[in-house]
file final21.cif (mmCIF, C-alpha atoms and all ligand atoms)
data_data
#
loop_
_atom_site.label_atom_id
_atom_site.label_comp_id
_atom_site.auth_asym_id
_atom_site.auth_seq_id
_atom_site.Cartn_x
_atom_site.Cartn_y
_atom_site.Cartn_z
CA MET N 10 -9.98 -13.64 8.73
CA PHE N 11 -9.54 -11.47 5.65
CA ASP N 12 -10.41 -13.42 2.52
CA LEU N 13 -10.25 -11.35 -0.66
CA ASN N 14 -11.85 -14.08 -2.71
CA ALA N 15 -14.89 -14.11 -0.44
CA LEU N 16 -15.01 -10.33 -0.52
CA THR N 17 -14.94 -10.03 -4.32
CA ARG N 18 -18.20 -9.93 -6.28
CA ASP N 19 -18.92 -13.18 -8.15
CA ASN N 20 -19.22 -11.45 -11.53
CA ILE N 21 -15.75 -9.94 -11.03
CA LYS N 22 -14.26 -13.27 -9.99
CA LYS N 23 -15.65 -14.82 -13.19
CA LEU N 24 -14.72 -11.85 -15.38
CA VAL N 25 -12.45 -12.50 -18.34
CA PRO N 26 -10.79 -9.10 -18.76
CA TYR N 27 -10.38 -7.39 -22.12
CA SER N 28 -7.19 -8.52 -23.77
CA THR N 29 -5.42 -5.68 -25.56
CA ALA N 30 -3.12 -6.01 -28.56
CA ARG N 31 -0.32 -5.01 -26.18
CA ASP N 32 -1.29 -7.87 -23.82
CA GLU N 33 -1.24 -10.41 -26.63
CA PHE N 34 2.11 -9.46 -28.15
CA LYS N 35 4.87 -8.33 -25.82
CA GLY N 36 8.01 -9.14 -27.87
CA LYS N 37 10.16 -6.92 -30.06
CA ALA N 38 8.92 -6.06 -33.55
CA GLU N 39 9.44 -3.38 -36.18
CA VAL N 40 6.08 -3.33 -37.86
CA PHE N 41 2.97 -3.07 -35.74
CA MET N 42 -0.15 -4.04 -37.66
CA ASP N 43 -2.04 -5.48 -34.69
CA ALA N 44 -3.91 -2.62 -33.02
CA ASN N 45 -5.52 -0.55 -35.79
CA GLU N 46 -3.44 2.45 -34.82
CA ASN N 47 -2.62 5.05 -37.46
CA ASN N 48 0.83 3.96 -38.60
CA PHE N 49 1.39 7.28 -40.41
CA GLY N 50 1.65 9.32 -37.22
CA SER N 51 -0.25 12.03 -35.29
CA PRO N 52 -1.18 15.59 -36.39
CA LEU N 53 0.96 16.88 -33.50
CA PRO N 54 4.64 17.76 -32.96
CA VAL N 55 4.91 14.56 -30.87
CA ASN N 56 3.41 11.29 -31.98
CA TYR N 57 0.66 9.76 -29.88
CA ASN N 58 -0.50 7.26 -32.47
CA ARG N 59 0.35 4.19 -30.35
CA TYR N 60 -1.80 2.88 -27.53
CA PRO N 61 -0.18 3.44 -24.13
CA ASP N 62 0.97 0.74 -21.69
CA PRO N 63 -2.27 -0.45 -20.00
CA LEU N 64 -0.43 -1.01 -16.70
CA GLN N 65 1.82 2.10 -16.79
CA TRP N 66 4.91 0.17 -15.64
CA LYS N 67 7.46 2.91 -16.34
CA LEU N 68 5.44 5.40 -14.32
CA LYS N 69 4.91 2.86 -11.55
CA TYR N 70 8.67 2.22 -11.26
CA LYS N 71 9.25 5.95 -10.84
CA MET N 72 6.38 6.19 -8.36
CA ALA N 73 7.85 3.22 -6.48
CA ASP N 74 11.11 5.13 -6.02
CA VAL N 75 9.35 8.21 -4.71
CA LYS N 76 6.92 6.36 -2.43
CA GLY N 77 8.94 3.35 -1.32
CA VAL N 78 6.23 0.90 -2.41
CA PRO N 79 6.93 -1.90 -4.95
CA PRO N 80 5.39 -1.34 -8.43
CA PRO N 81 3.00 -4.35 -8.22
CA ASN N 82 1.40 -2.73 -5.15
CA ILE N 83 0.51 0.43 -7.10
CA PHE N 84 -2.64 1.21 -9.09
CA ILE N 85 -2.70 4.43 -11.11
CA GLY N 86 -6.06 5.93 -11.96
CA ASN N 87 -7.68 8.89 -13.63
CA GLY N 88 -7.72 10.69 -10.27
CA SER N 89 -8.34 8.97 -6.92
CA ASP N 90 -11.98 8.99 -7.93
CA GLU N 91 -11.29 6.12 -10.34
CA ALA N 92 -9.93 3.98 -7.48
CA ILE N 93 -12.92 4.89 -5.29
CA ASP N 94 -15.30 3.77 -8.03
CA LEU N 95 -13.32 0.55 -8.60
CA LEU N 96 -13.54 -0.34 -4.92
CA TYR N 97 -17.31 -0.36 -5.24
CA ARG N 98 -17.40 -2.14 -8.57
CA CYS N 99 -15.05 -4.92 -7.46
CA PHE N 100 -16.35 -5.61 -3.96
CA VAL N 101 -19.81 -4.17 -3.28
CA ASN N 102 -22.83 -6.07 -4.59
CA PRO N 103 -25.35 -3.39 -5.65
CA GLY N 104 -28.41 -3.19 -3.40
CA VAL N 105 -27.00 -5.84 -1.04
CA ASP N 106 -23.64 -4.87 0.43
CA ASN N 107 -22.97 -1.80 2.51
CA VAL N 108 -20.20 0.73 2.96
CA ILE N 109 -19.45 2.78 6.06
CA LEU N 110 -18.80 6.50 5.65
CA CYS N 111 -17.77 8.84 8.46
CA PRO N 112 -19.12 12.33 7.82
CA PRO N 113 -18.17 15.10 7.65
CA THR N 114 -15.85 13.81 4.94
CA TYR N 115 -15.00 13.83 1.23
CA GLY N 116 -18.19 13.78 -0.84
CA MET N 117 -17.08 11.38 -3.58
CA TYR N 118 -17.38 8.28 -1.35
CA GLU N 119 -21.12 8.88 -1.09
CA VAL N 120 -21.66 9.89 -4.74
CA SER N 121 -19.79 6.80 -5.89
CA ALA N 122 -21.84 4.67 -3.46
CA HIS N 123 -25.05 6.00 -5.02
CA ILE N 124 -23.77 5.40 -8.55
CA ASN N 125 -22.95 1.81 -7.61
CA ASP N 126 -26.15 1.33 -5.56
CA ALA N 127 -24.21 0.50 -2.41
CA VAL N 128 -26.11 0.62 0.88
CA ILE N 129 -24.69 3.57 2.84
CA ARG N 130 -24.18 3.48 6.60
CA LYS N 131 -23.10 6.76 8.10
CA VAL N 132 -21.21 6.91 11.36
CA THR N 133 -20.66 10.57 12.16
CA LEU N 134 -17.27 11.56 13.57
CA THR N 135 -17.12 12.58 17.23
CA PRO N 136 -17.23 16.35 18.00
CA GLU N 137 -13.39 16.15 18.00
CA PHE N 138 -13.61 14.87 14.39
CA GLN N 139 -12.35 11.41 15.36
CA LEU N 140 -13.79 7.96 14.61
CA ASP N 141 -16.68 6.87 16.83
CA ILE N 142 -15.36 3.35 17.40
CA PRO N 143 -18.32 1.94 19.39
CA ALA N 144 -20.75 3.24 16.74
CA LEU N 145 -18.55 1.78 13.97
CA GLN N 146 -18.55 -1.60 15.69
CA GLN N 147 -22.37 -1.42 15.84
CA ALA N 148 -22.62 -0.48 12.16
CA ILE N 149 -20.44 -3.29 10.80
CA ASP N 150 -22.23 -6.47 9.72
CA GLU N 151 -21.57 -9.38 7.34
CA HIS N 152 -22.51 -7.21 4.34
CA THR N 153 -20.06 -4.42 5.17
CA LYS N 154 -17.42 -4.46 2.44
CA LEU N 155 -15.70 -1.08 2.76
CA ILE N 156 -14.96 1.54 5.39
CA PHE N 157 -13.70 4.88 4.06
CA ILE N 158 -11.43 6.90 6.35
CA CYS N 159 -10.03 10.20 5.15
CA SER N 160 -6.88 11.23 7.02
CA PRO N 161 -6.08 14.11 7.08
CA ASN N 162 -9.82 14.53 6.72
CA ASN N 163 -11.49 16.80 4.21
CA PRO N 164 -13.11 19.21 5.20
CA THR N 165 -12.01 19.18 8.86
CA GLY N 166 -8.24 19.04 8.21
CA ASN N 167 -7.32 16.82 11.16
CA THR N 168 -5.55 13.47 11.17
CA ILE N 169 -7.56 10.46 12.35
CA ASN N 170 -5.98 8.69 15.35
CA ARG N 171 -3.64 6.01 14.07
CA SER N 172 -4.55 3.56 16.82
CA ASP N 173 -8.25 3.72 15.81
CA ILE N 174 -7.39 2.97 12.17
CA GLU N 175 -5.15 0.10 13.32
CA LEU N 176 -7.99 -1.25 15.45
CA LEU N 177 -10.21 -1.42 12.36
CA LEU N 178 -7.45 -2.93 10.23
CA ASN N 179 -6.95 -5.64 12.85
CA ASN N 180 -10.61 -6.44 13.47
CA PHE N 181 -12.58 -5.72 10.29
CA ASP N 182 -12.59 -8.39 7.56
CA GLY N 183 -13.62 -6.01 4.80
CA ILE N 184 -11.41 -3.35 3.21
CA VAL N 185 -10.29 -0.29 5.16
CA VAL N 186 -9.65 2.56 2.74
CA VAL N 187 -7.37 5.28 4.11
CA ASP N 188 -7.55 8.32 1.85
CA GLU N 189 -4.31 10.25 2.24
CA ALA N 190 -4.89 12.97 -0.36
CA TYR N 191 -3.35 15.51 2.04
CA ILE N 192 -0.69 13.31 3.67
CA ASN N 193 2.19 15.48 2.38
CA PHE N 194 1.06 18.33 4.64
CA SER N 195 0.72 16.19 7.76
CA ARG N 196 3.01 15.75 10.74
CA HIS N 197 1.77 12.20 10.98
CA LYS N 198 3.00 9.06 9.27
CA THR N 199 1.52 7.58 6.10
CA PHE N 200 0.01 4.08 6.07
CA ILE N 201 1.67 3.08 2.77
CA GLN N 202 4.50 1.31 4.61
CA GLU N 203 1.95 -1.01 6.31
CA LEU N 204 0.69 -2.87 3.23
CA THR N 205 2.49 -6.10 4.09
CA GLU N 206 1.09 -5.89 7.63
CA TYR N 207 -2.56 -5.48 6.59
CA PRO N 208 -3.98 -7.35 3.56
CA ASN N 209 -7.26 -5.40 3.97
CA LEU N 210 -5.63 -1.96 3.65
CA VAL N 211 -6.03 0.30 0.62
CA VAL N 212 -4.27 3.67 0.78
CA LEU N 213 -5.34 6.39 -1.64
CA GLN N 214 -3.07 9.24 -2.62
CA THR N 215 -3.12 11.72 -5.49
CA LEU N 216 -0.95 14.06 -7.53
CA SER N 217 -3.76 16.65 -7.39
CA LYS N 218 -2.87 18.40 -4.13
CA ALA N 219 0.76 18.79 -2.96
CA TRP N 220 2.04 17.78 -6.40
CA GLY N 221 0.09 20.58 -8.09
CA LEU N 222 -1.25 18.37 -10.89
CA ALA N 223 -5.03 18.46 -10.39
CA GLY N 224 -5.45 19.11 -14.11
CA LEU N 225 -3.47 16.01 -15.09
CA ARG N 226 -5.76 13.54 -13.26
CA ILE N 227 -3.44 11.07 -11.56
CA GLY N 228 -4.57 9.25 -8.44
CA MET N 229 -2.94 6.25 -6.81
CA ALA N 230 -4.14 3.30 -4.79
CA PHE N 231 -1.55 1.34 -2.81
CA ALA N 232 -2.59 -2.14 -1.69
CA GLY N 233 -1.71 -5.82 -1.66
CA GLU N 234 -1.07 -7.34 -5.09
CA ASP N 235 -4.35 -9.28 -5.10
CA ILE N 236 -6.41 -6.13 -4.65
CA ILE N 237 -4.37 -4.28 -7.29
CA ASN N 238 -4.80 -7.20 -9.73
CA THR N 239 -8.56 -7.10 -9.16
CA PHE N 240 -8.59 -3.38 -9.99
CA ASN N 241 -6.51 -4.07 -13.11
CA LYS N 242 -9.04 -6.61 -14.33
CA VAL N 243 -11.94 -4.18 -14.02
CA LYS N 244 -10.42 -0.82 -15.02
CA ALA N 245 -10.69 0.57 -18.55
CA PRO N 246 -7.79 -0.99 -20.50
CA TYR N 247 -6.04 2.31 -21.28
CA ASN N 248 -7.10 4.42 -18.31
CA ILE N 249 -4.04 6.71 -18.34
CA SER N 250 -3.03 8.47 -21.55
CA GLN N 251 0.51 8.47 -22.94
CA ALA N 252 0.72 12.26 -22.54
CA THR N 253 -0.39 12.08 -18.91
CA MET N 254 2.15 9.34 -18.16
CA GLU N 255 5.00 11.31 -19.70
CA LEU N 256 4.10 14.50 -17.82
CA ALA N 257 3.66 12.62 -14.54
CA MET N 258 7.10 11.01 -14.94
CA GLN N 259 8.65 14.42 -15.57
CA ALA N 260 6.91 15.77 -12.46
CA LEU N 261 8.15 12.90 -10.30
CA ASP N 262 11.71 14.03 -11.10
CA ASN N 263 10.90 17.30 -9.35
CA VAL N 264 10.40 16.10 -5.78
CA SER N 265 12.54 18.92 -4.36
CA GLN N 266 10.27 21.62 -5.84
CA VAL N 267 7.24 19.89 -4.37
CA ASN N 268 8.87 19.55 -0.96
CA GLU N 269 9.72 23.24 -1.01
CA TRP N 270 6.06 24.13 -1.70
CA ILE N 271 4.90 21.81 1.07
CA ARG N 272 7.17 23.63 3.54
CA GLU N 273 5.86 27.00 2.35
CA ILE N 274 2.21 25.93 2.46
CA VAL N 275 2.62 24.64 6.03
CA ILE N 276 4.26 27.94 7.07
CA GLU N 277 1.51 29.93 5.36
CA ARG N 278 -1.13 27.72 6.99
CA ASP N 279 0.20 28.64 10.43
CA LEU N 280 0.57 32.34 9.59
CA LEU N 281 -2.92 32.57 8.11
CA SER N 282 -4.44 30.73 11.08
CA ALA N 283 -2.73 33.05 13.57
CA ALA N 284 -3.92 36.14 11.68
CA LEU N 285 -7.48 34.89 11.12
CA ILE N 286 -8.12 34.08 14.77
CA GLN N 287 -7.56 37.78 15.59
CA LEU N 288 -10.56 38.76 13.47
CA PRO N 289 -13.92 39.26 15.18
CA MET N 290 -15.94 37.13 12.77
CA ILE N 291 -13.68 34.11 13.22
CA VAL N 292 -14.91 32.02 16.14
CA ASP N 293 -12.55 29.07 15.88
CA ILE N 294 -9.87 27.55 13.66
CA TYR N 295 -9.54 23.78 13.70
CA PRO N 296 -6.00 22.33 13.76
CA SER N 297 -5.03 21.30 10.24
CA ASP N 298 -2.65 18.71 8.83
CA ALA N 299 -3.80 19.60 5.31
CA SER N 300 -3.45 22.37 2.71
CA PHE N 301 -6.63 24.05 3.91
CA ILE N 302 -8.15 25.16 7.18
CA LEU N 303 -11.67 24.81 8.48
CA VAL N 304 -12.76 27.98 10.28
CA LYS N 305 -15.89 28.54 12.31
CA THR N 306 -17.34 31.98 11.68
CA THR N 307 -20.20 34.12 12.96
CA ASP N 308 -21.86 34.20 9.52
CA ALA N 309 -20.58 31.69 6.94
CA LYS N 310 -23.01 32.61 4.16
CA GLY N 311 -22.56 36.36 4.61
CA ILE N 312 -18.77 36.12 4.64
CA TYR N 313 -18.76 33.75 1.67
CA GLU N 314 -20.87 36.11 -0.42
CA TYR N 315 -18.90 39.17 0.65
CA LEU N 316 -15.63 37.47 -0.32
CA VAL N 317 -17.03 36.54 -3.74
CA GLU N 318 -17.77 40.24 -4.29
CA GLN N 319 -14.08 40.85 -3.52
CA GLY N 320 -13.07 38.25 -6.10
CA ILE N 321 -12.12 35.59 -3.52
CA VAL N 322 -13.79 32.18 -3.43
CA VAL N 323 -13.69 29.93 -0.39
CA ARG N 324 -15.82 26.84 0.27
CA ASP N 325 -18.98 27.20 2.32
CA ARG N 326 -19.20 24.01 4.42
CA SER N 327 -21.76 25.40 6.88
CA LYS N 328 -24.47 22.96 5.78
CA VAL N 329 -22.25 19.94 6.52
CA GLU N 330 -22.65 17.87 9.71
CA LEU N 331 -20.59 19.20 12.67
CA CYS N 332 -19.53 22.17 10.52
CA LEU N 333 -22.16 24.77 11.45
CA GLY N 334 -20.88 28.24 10.51
CA CYS N 335 -17.77 26.81 8.86
CA LEU N 336 -15.83 27.88 5.79
CA ARG N 337 -13.04 25.79 4.30
CA ILE N 338 -10.16 27.91 3.09
CA THR N 339 -7.41 26.56 0.83
CA ILE N 340 -4.01 27.98 1.78
CA GLY N 341 -2.96 30.46 -0.90
CA THR N 342 0.35 32.11 -1.70
CA ALA N 343 1.56 34.70 0.82
CA GLU N 344 0.05 37.48 -1.36
CA GLU N 345 -3.29 35.69 -1.69
CA ASN N 346 -3.52 35.11 2.05
CA VAL N 347 -2.85 38.79 2.73
CA ARG N 348 -5.55 39.68 0.23
CA LEU N 349 -8.00 37.38 2.03
CA LEU N 350 -7.12 38.93 5.40
CA GLU N 351 -7.53 42.48 4.05
CA ALA N 352 -10.90 41.59 2.57
CA LEU N 353 -12.06 40.05 5.86
CA LYS N 354 -10.99 43.14 7.79
CA SER N 355 -13.19 45.29 5.59
CA PHE N 356 -16.07 42.81 5.97
CA HIS N 357 -16.14 43.71 9.63
CA LEU N 358 -16.16 47.44 8.74
CA SER N 359 -18.85 47.04 6.10
CA LYS N 360 -21.01 45.27 8.71
CA GLU N 361 -20.46 48.01 11.30
CA THR N 362 -21.22 50.81 8.86
CA SER N 363 -24.37 49.02 7.73
CA VAL N 364 -25.42 48.68 11.37
CA THR N 365 -24.82 52.36 12.17
CA ALA N 366 -26.23 53.63 8.86
C1 LIG B 401 -8.87 16.19 -3.58
C2 LIG B 401 -9.17 14.90 -2.94
C3 LIG B 401 -8.95 13.70 -3.61
C4 LIG B 401 -8.29 13.71 -4.94
O1 LIG B 401 -9.06 13.45 -5.98
P1 LIG B 401 -8.41 13.34 -7.43
O2 LIG B 401 -9.51 12.64 -8.14
O3 LIG B 401 -7.16 12.51 -7.32
O4 LIG B 401 -8.13 14.72 -7.90
C5 LIG B 401 -9.19 12.51 -2.97
N1 LIG B 401 -9.62 12.49 -1.70
C6 LIG B 401 -9.83 13.62 -1.02
C7 LIG B 401 -10.24 13.55 0.39
C8 LIG B 401 -9.61 14.85 -1.61
O5 LIG B 401 -9.84 15.98 -0.92
#
call {"tool": "encode", "arguments": {"input": "final21.cif", "output": "structure tokens"}}
result
Amino acid sequence: MFDLNALTRDNIKKLVPYSTARDEFKGKAEVFMDANENNFGSPLPVNYNRYPDPLQWKLKYKMADVKGVPPPNIFIGNGSDEAIDLLYRCFVNPGVDNVILCPPTYGMYEVSAHINDAVIRKVTLTPEFQLDIPALQQAIDEHTKLIFICSPNNPTGNTINRSDIELLLNNFDGIVVVDEAYINFSRHKTFIQELTEYPNLVVLQTLSKAWGLAGLRIGMAFAGEDIINTFNKVKAPYNISQATMELAMQALDNVSQVNEWIREIVIERDLLSAALIQLPMIVDIYPSDASFILVKTTDAKGIYEYLVEQGIVVRDRSKVELCLGCLRITIGTAEENVRLLEALKSFHLSKETSVTA
């Protein structure tokens, strides 16, 4: 049985959160002399002299409309990385509790585990980049607090089988984190509609990828109200700035632009994949539900360095488990993808000439 109280660290259960001036007075007033703000203004065209809403309600209401999730089930963080860190800080007793990671996957889960001194248990994905359920069952014990599942997975690009995630949600009494940073590019369904079904589910999404706002730093966690309230207790009181909130709200009014880009990126992903597989140094292209593709090459390091000389940077993932020889390529604009293909065609030539020279 899932019991959030039992899962939460004692120090967090006992924590009396910081009470802001905005928490203590919520009524209407004309003169605010309660928060040591500068009542004269800001040295900017727009005033930012007032502390922002600690719980970002206006932004959450807008987000709720876009995502179809009630505002109390939404946490907004300074990137998804803030939610990842909070999961450890709220639930994982340092040096005692463990977290299960399924490599190859997003690196922040492990970095954040180290920062929070969580015991790490790695259960490598199968060669098809799916969850190894028997090995997961073996790895889980009474100190397992979190399992991170990235779907579509970074860097492999594939979606994790829904039935496997459901199996964990139904049988694991800790928290199952489903990181959906790339969900907008996927043919498969999100898990954010399942929050009422599974009290142990936390879904992570972000405005950094499809929404084109990586520089703004907005990440979301969707979960049951009790989990969100625990995050709210522990987070920095003003974790999202007023400027960020205003820009994010403006962006959320532009869903149609974002949907148009998603369609284009998916088309470009298929075009680029079809063109790349024709090239002699490309051994394999893994099916992607994301805004990047993982490609197996004959010489990852050589191709990476050659592309850098041509002014093109891709990600060398060849040192990562199950990714021998692999590069991860973010889908560019049509022009950028053509430029990549042209560069790769001359890589082949430069190799041949160097062989015959
Ligand atoms: C990019 C990415 C994120 C997003 O991180 P932000 O901190 O929101 O920019 C989260 N998870 C995965 C798997 C990612 O690739």
call {"tool": "atom_distance", "arguments": {"input": "final21.cif", "atom1": "CA of Thr29 (chain N)", "atom2": "CA of Gly228 (chain N)"}}
result
22.7 Å
call {"tool": "residues_around", "arguments": {"input": "final21.cif", "residues": "region 277-287 of chain N", "least_positions_apart": "5", "cutoff": "10 Å", "atoms": "all atoms listed in the file", "output": "ChimeraX atom specification"}}
result
/N:194,271-272,292-306,338-343,346-347,349-350,353-354
call {"tool": "write_last_selection", "arguments": {"input": "final21.cif", "atoms": "C-alpha atoms", "output": "mmCIF file, in the frame of the given file"}}
result
data_model
loop_
_atom_site.group_PDB
_atom_site.id
_atom_site.type_symbol
_atom_site.label_atom_id
_atom_site.label_comp_id
_atom_site.auth_asym_id
_atom_site.auth_seq_id
_atom_site.Cartn_x
_atom_site.Cartn_y
_atom_site.Cartn_z
ATOM 1 C CA PHE N 194 1.060 18.330 4.640
ATOM 2 C CA ILE N 271 4.900 21.810 1.070
ATOM 3 C CA ARG N 272 7.170 23.630 3.540
ATOM 4 C CA VAL N 292 -14.910 32.020 16.140
ATOM 5 C CA ASP N 293 -12.550 29.070 15.880
ATOM 6 C CA ILE N 294 -9.870 27.550 13.660
ATOM 7 C CA TYR N 295 -9.540 23.780 13.700
ATOM 8 C CA PRO N 296 -6.000 22.330 13.760
ATOM 9 C CA SER N 297 -5.030 21.300 10.240
ATOM 10 C CA ASP N 298 -2.650 18.710 8.830
ATOM 11 C CA ALA N 299 -3.800 19.600 5.310
ATOM 12 C CA SER N 300 -3.450 22.370 2.710
ATOM 13 C CA PHE N 301 -6.630 24.050 3.910
ATOM 14 C CA ILE N 302 -8.150 25.160 7.180
ATOM 15 C CA LEU N 303 -11.670 24.810 8.480
ATOM 16 C CA VAL N 304 -12.760 27.980 10.280
ATOM 17 C CA LYS N 305 -15.890 28.540 12.310
ATOM 18 C CA THR N 306 -17.340 31.980 11.680
ATOM 19 C CA ILE N 338 -10.160 27.910 3.090
ATOM 20 C CA THR N 339 -7.410 26.560 0.830
ATOM 21 C CA ILE N 340 -4.010 27.980 1.780
ATOM 22 C CA GLY N 341 -2.960 30.460 -0.900
ATOM 23 C CA THR N 342 0.350 32.110 -1.700
ATOM 24 C CA ALA N 343 1.560 34.700 0.820
ATOM 25 C CA ASN N 346 -3.520 35.110 2.050
ATOM 26 C CA VAL N 347 -2.850 38.790 2.730
ATOM 27 C CA LEU N 349 -8.000 37.380 2.030
ATOM 28 C CA LEU N 350 -7.120 38.930 5.400
ATOM 29 C CA LEU N 353 -12.060 40.050 5.860
ATOM 30 C CA LYS N 354 -10.990 43.140 7.790
#
call {"tool": "residues_near_ligand", "arguments": {"input": "final21.cif", "ligand": "ligand LIG 401 (chain B)", "cutoff": "8 Å", "atoms": "all atoms listed in the file", "output": "number ranges by chain"}}
result
N: 87-91, 114-115, 117, 159-164, 188-191, 213-218, 223, 226-229
call {"tool": "atom_distance", "arguments": {"input": "final21.cif", "atom1": "CA of Met42 (chain N)", "atom2": "CA of Leu68 (chain N)"}}
result
25.8 Å
call {"tool": "closest_residue", "arguments": {"input": "final21.cif", "among": "N:Leu336, N:Ala232, N:Ile274, N:Val55", "to": "Val187 (chain N)", "atoms": "all atoms listed in the file"}}
result
N:Ala232
call {"tool": "atom_distance", "arguments": {"input": "final21.cif", "atom1": "CA of Asn248 (chain N)", "atom2": "CA of Trp220 (chain N)"}}
result
20.1 Å
call {"tool": "closest_residue", "arguments": {"input": "final21.cif", "among": "N:Cys99, N:Val323, N:Ala309, N:Ile237", "to": "Gly86 (chain N)", "atoms": "all atoms listed in the file"}}
result
N:Ile237
call {"tool": "closest_residue", "arguments": {"input": "final21.cif", "among": "N:Pro79, N:Asn102, N:Ser172, N:Pro63", "to": "Asp32 (chain N)", "atoms": "all atoms listed in the file"}}
result
N:Pro63
call {"tool": "residues_around", "arguments": {"input": "final21.cif", "residues": "Val243 (chain N)", "least_positions_apart": "2", "cutoff": "9 Å", "atoms": "only C-alpha atoms", "output": "JSON, numbers by chain"}}
result
{"N": [21, 24, 26, 27, 95, 98, 99, 238, 239, 240, 241, 245, 246]}
call {"tool": "closest_residue", "arguments": {"input": "final21.cif", "among": "N:Glu314, N:Asp173, N:Glu273, N:Glu46", "to": "Leu145 (chain N)", "atoms": "all atoms listed in the file"}}
result
N:Asp173
call {"tool": "closest_residue", "arguments": {"input": "final21.cif", "among": "N:Val105, N:Val317, N:Cys111, N:Ala122", "to": "Asp150 (chain N)", "atoms": "only C-alpha atoms"}}
result
N:Val105
call {"tool": "closest_residue", "arguments": {"input": "final21.cif", "among": "N:Ile174, N:Leu225, N:Leu288, N:Leu331", "to": "Pro112 (chain N)", "atoms": "all atoms listed in the file"}}
result
N:Leu331
call {"tool": "build_atoms", "arguments": {"input": "final21.cif", "residues": "region 186-191 of chain N", "atoms": "all heavy atoms", "output": "PDB file, in the coordinates of the input"}}
result
ATOM      1  N   VAL N 186     -10.253   1.630   3.692  1.00  0.00           N
ATOM      2  CA  VAL N 186      -9.650   2.560   2.740  1.00  0.00           C
ATOM      3  C   VAL N 186      -9.183   3.786   3.512  1.00  0.00           C
ATOM      4  O   VAL N 186      -9.989   4.443   4.183  1.00  0.00           O
ATOM      5  CB  VAL N 186     -10.673   2.997   1.674  1.00  0.00           C
ATOM      6  CG1 VAL N 186      -9.998   3.873   0.620  1.00  0.00           C
ATOM      7  CG2 VAL N 186     -11.337   1.786   1.034  1.00  0.00           C
ATOM      8  N   VAL N 187      -7.901   4.075   3.453  1.00  0.00           N
ATOM      9  CA  VAL N 187      -7.370   5.280   4.110  1.00  0.00           C
ATOM     10  C   VAL N 187      -6.996   6.258   2.998  1.00  0.00           C
ATOM     11  O   VAL N 187      -6.065   6.023   2.231  1.00  0.00           O
ATOM     12  CB  VAL N 187      -6.151   4.942   5.003  1.00  0.00           C
ATOM     13  CG1 VAL N 187      -5.632   6.206   5.684  1.00  0.00           C
ATOM     14  CG2 VAL N 187      -6.525   3.887   6.048  1.00  0.00           C
ATOM     15  N   ASP N 188      -7.769   7.319   2.901  1.00  0.00           N
ATOM     16  CA  ASP N 188      -7.550   8.320   1.850  1.00  0.00           C
ATOM     17  C   ASP N 188      -6.573   9.374   2.367  1.00  0.00           C
ATOM     18  O   ASP N 188      -6.898  10.171   3.246  1.00  0.00           O
ATOM     19  CB  ASP N 188      -8.901   8.959   1.476  1.00  0.00           C
ATOM     20  CG  ASP N 188      -8.784   9.920   0.292  1.00  0.00           C
ATOM     21  OD1 ASP N 188      -7.661  10.355  -0.031  1.00  0.00           O
ATOM     22  OD2 ASP N 188      -9.838  10.250  -0.298  1.00  0.00           O
ATOM     23  N   GLU N 189      -5.379   9.346   1.806  1.00  0.00           N
ATOM     24  CA  GLU N 189      -4.310  10.250   2.240  1.00  0.00           C
ATOM     25  C   GLU N 189      -4.027  11.341   1.204  1.00  0.00           C
ATOM     26  O   GLU N 189      -2.870  11.679   0.957  1.00  0.00           O
ATOM     27  CB  GLU N 189      -3.025   9.443   2.501  1.00  0.00           C
ATOM     28  CG  GLU N 189      -3.148   8.451   3.644  1.00  0.00           C
ATOM     29  CD  GLU N 189      -1.827   7.786   4.009  1.00  0.00           C
ATOM     30  OE1 GLU N 189      -0.910   7.739   3.138  1.00  0.00           O
ATOM     31  OE2 GLU N 189      -1.706   7.311   5.138  1.00  0.00           O
ATOM     32  N   ALA N 190      -5.078  11.917   0.654  1.00  0.00           N
ATOM     33  CA  ALA N 190      -4.890  12.970  -0.360  1.00  0.00           C
ATOM     34  C   ALA N 190      -4.017  14.117   0.153  1.00  0.00           C
ATOM     35  O   ALA N 190      -3.311  14.763  -0.621  1.00  0.00           O
ATOM     36  CB  ALA N 190      -6.262  13.496  -0.821  1.00  0.00           C
ATOM     37  N   TYR N 191      -4.071  14.358   1.467  1.00  0.00           N
ATOM     38  CA  TYR N 191      -3.350  15.510   2.040  1.00  0.00           C
ATOM     39  C   TYR N 191      -2.168  15.091   2.906  1.00  0.00           C
ATOM     40  O   TYR N 191      -1.658  15.893   3.699  1.00  0.00           O
ATOM     41  CB  TYR N 191      -4.337  16.357   2.872  1.00  0.00           C
ATOM     42  CG  TYR N 191      -5.456  16.883   2.009  1.00  0.00           C
ATOM     43  CD1 TYR N 191      -6.677  16.226   1.955  1.00  0.00           C
ATOM     44  CD2 TYR N 191      -5.273  18.008   1.210  1.00  0.00           C
ATOM     45  CE1 TYR N 191      -7.696  16.680   1.128  1.00  0.00           C
ATOM     46  CE2 TYR N 191      -6.279  18.470   0.386  1.00  0.00           C
ATOM     47  CZ  TYR N 191      -7.485  17.801   0.350  1.00  0.00           C
ATOM     48  OH  TYR N 191      -8.484  18.243  -0.474  1.00  0.00           O
TER      49      TYR N 191
END
